[in-house]
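Before any comments, here is the structure.
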Number of protein chains: 2
Amino acid sequence: MSEILINSTKFKNNLDLIAEHIGDKDKLALVMKDNAYGHGLQEIATLACAYGIKNIFVKNESEALKIAHLFEHITVLYGRICNDSPLNIHVSINSMDNIHSLEPSRCVELKVNTGMNRNGIPREKLQTFIEEILLKKLVLFGVFAHNGYGDVSEQSFQDAQKVFSEVKEEVLYLAEKLSFKIPRFHSLSSSGTLRSDKIEDDLVRIGIAAYGYLSNTFDIPLSKKLTPIASLWADKICEQSLKKGSKIGYGGKTVLEKDTIISTYDIGYGDGLFRINGNKPSLKTAEGYIILPVTSMDCFSCESTLERVCVFDDATSIAKLFDTIPYEVLTSLSPFIKRSVI
Amino acid sequence: MSEILINSTKFKNNLDLIAEHIGDKDKLALVMKDNAYGHGLQEIATLACAYGIKNIFVKNESEALKIAHLFEHITVLYGRICNDSPLNIHVSINSMDNIHSLEPSRCVELKVNTGMNRNGIPREKLQTFIEEILLKKLVLFGVFAHNGYGDVSEQSFQDAQKVFSEVKEEVLYLAEKLSFKIPRFHSLSSSGTLRSDKIEDDLVRIGIAAYGYLSNTFDIPLSKKLTPIASLWADKICEQSLKKGSKIGYGGKTVLEKDTIISTYDIGYGDGLFRINGNKPSLKTAEGYIILPVTSMDCFSCESTLERVCVFDDATSIAKLFDTIPYEVLTSLSPFIKRSVI
């Protein structure tokens, strides 16, 4: 049965490297949205809890409820939550509707648009939103942004950080004026954190770097020390002794040039491994076996007799082949594949 | 909250068309592997049961156990099962290992390689495998193949069917010689069924056609009458009033040519919607809004103010854009997205 192995030592090493860079382990919050970037929410949550992580970010309430007991503060980045959800589950505010759906005492984190122009409230509406939050007797637990320029070297990264500094100043001013407790501030994710010499915020939100990757388009020395923690393994379904000229798979795309033993393995695009149709350069397993096109929904063939092959232990190659980023390769892995921590 | 709507009327119409073509509704078995091709296993199982489907095929034991109570015969296509699994769950045999892992009385379906050279036992080993199945006191419930040439017009399709006819003959001969009950025979999936004027087998395994698609590369008249049953919907997260020149998303890939209201919607590649990075032609929502690159893990932006947009109601366009087939677009949809039957 196919399996994703999660290397706990590599995970700890990645977290150690990041924590050392930040200089304060308590500032390290982990992003576990989308099934912990495909690594398995429960498995990563257990490891993160053991490491001492106290603050995490998840996609929605459904994810939060599965692991709420393991952390002090869980922030839901998207969607609404039920009023009876545990009170350590906090809600991100992107619109007035978000605010109006909540009952008093819930902690909220107000997201401000600092130039990525995706989510978050307009900076000019900061006071209006904070007043509404206070009026509804919600707790303004955090004010945050997402710097969408962490991976690129241009000035835009600094511009967004400057906007967030101004947001902070305004919030501090409002806190005094309107008498509310100063919220926590955070704006940086993996690249932004690792490219910054000093972390001015109260928290950084580390996602992809904890899992061993970074998408920087310029040099960030620390990125080279990170190690991917997940490897994907497929088990043999059966073996075929085939003659020269035999065709394999749908439409007979692969044609054998000599007598060959071919095995099928139990991972396909239905498990989230991008479909290989032969129109791109070859993809090889970690052992070097070419994954023969066309791959199926539930299996692929390759010239191997091994009982188990490692489809990948680093998502970078397959990401490049499909003109995407490791994030997509990882989050695409079906949650139904078994995850095992080693 | 994003949602997949499953149109029960369209599903029934597709099944009616297929059943009419076959000429015998009882011969129509449904393939529900990979979360019912991404449509939601529970939801499709409930509809299929109500329609009167008695025989189904799923990926593995985990899927079978979720819906075993709804059908007479559930065949697991891959992997092993526990000995205490309900006895209406049957196991596909692709290797001797499969046989040896089972306890007496379990129904098995023997898969034979008829030229796709992917899964299944070699045809020459038919007698050896059947003898081993009988020796282990398993029930040979079915003998089947998968014709990998259903979508292409060439002779290979007929060649594979001829091999399967010969397999049938041999099994009938062995049944008499070794005194076992004649098993059921099946070899055709959607395209193979819909291109065949007469169904000689006891059963056809219908997957993609039931969900409204076919991947035929030549004309199969019935394929035009099938209708996709799933539509993917995303809800607004927030709205931004942006000035001309504003950049949107990671790295600021999209730059606005005029003052525009842009909304973000709650589906991203983490939900299984292929990541759009701007290197391909545009993808539009069903309403015609361009999904602006670069899309994020949990959201995308477009020039719309609608509270909800339909990302697609037909997976064909996005499949073409990504040089793949609708199957992959559909099976990639995260099982965590809510499915609602309408």
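Quick note on naming: the chains in the structure tokens go A, B, ... in the order shown, residues restart at 1 in each chain, and ligands are numbered from 1 in order of appearance.
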Q. Please, which residues of chain A lie no more than 6 Å from chain B when the count uses only C-alpha atoms, and can they be set out as a PyMOL selection string?
A. chain A and resi 34+95+116-118+148-149+238+248-251+270+331
Q | Residue list (strand (DSSP E), DSSP) for segment 76-212 of chain B, as a ChimeraX atom specification | A | /B:76,89-93,107-111,139-144,184-186,204-206
Q) From the set A:Leu138, A:Ile4, A:Leu30, A:Val167, which residue has the shortest atom-to-atom contact distance to Leu47 of chain A, counting only C-alpha atoms? A) A:Leu30
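Within 6 Å of segment 13-20 of chain B, once only C-alpha atoms are used and residues closer than 5 positions along the same chain are dropped, the contacting residues are Lys25, Ala210 and Leu226 of chain B.
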Q: Enumerate as number ranges by chain all residues of segment 165-297 of chain A assigned to helix (DSSP H, G or I) by DSSP on the backbone, naming them with the chain letters and numbers the document uses.
A: A: 165-178, 190-195, 208-211, 221-225, 250-252, 269-271
Q.
I'd like the contact shell of Ile229 of chain A - 9 Å cut-off, only C-alpha atoms, skipping same-chain residues fewer than 3 positions apart - returned as a PyMOL selection string.
A. chain A and resi 5-11+14+39+210-212+313-314
Can you list, as a PDB file with N, CA and C atoms, in the first residue's frame, every protein, DNA or RNA residue that comes within 8 Å of Leu321 of chain A when you count only C-alpha atoms, leaving out same-chain residues fewer than 3 positions away?
```
ATOM      1  N   LYS A 280       6.069  15.340 -21.942  1.00  0.00           N
ATOM      2  CA  LYS A 280       7.129  16.090 -21.266  1.00  0.00           C
ATOM      3  C   LYS A 280       8.355  15.188 -21.134  1.00  0.00           C
ATOM      4  N   PRO A 281       9.511  15.740 -20.737  1.00  0.00           N
ATOM      5  CA  PRO A 281      10.656  14.861 -20.462  1.00  0.00           C
ATOM      6  C   PRO A 281      10.300  13.840 -19.384  1.00  0.00           C
ATOM      7  N   LEU A 283      10.056  11.485 -16.116  1.00  0.00           N
ATOM      8  CA  LEU A 283      10.188  11.604 -14.664  1.00  0.00           C
ATOM      9  C   LEU A 283      10.711  10.277 -14.152  1.00  0.00           C
ATOM     10  N   SER A 317      11.944  18.210  -8.565  1.00  0.00           N
ATOM     11  CA  SER A 317      12.020  17.793  -9.979  1.00  0.00           C
ATOM     12  C   SER A 317      10.647  17.710 -10.618  1.00  0.00           C
ATOM     13  N   ILE A 318       9.740  17.049  -9.944  1.00  0.00           N
ATOM     14  CA  ILE A 318       8.402  16.897 -10.521  1.00  0.00           C
ATOM     15  C   ILE A 318       7.722  18.260 -10.633  1.00  0.00           C
ATOM     16  N   THR A 324       5.526  24.063 -12.080  1.00  0.00           N
ATOM     17  CA  THR A 324       4.873  24.557 -10.869  1.00  0.00           C
ATOM     18  C   THR A 324       5.883  24.568  -9.726  1.00  0.00           C
TER      19      THR A 324
END
```
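Straight-line separation from atom CA of Glu169 of chain A to atom CA of Val31 of chain A: 25.9 Å.
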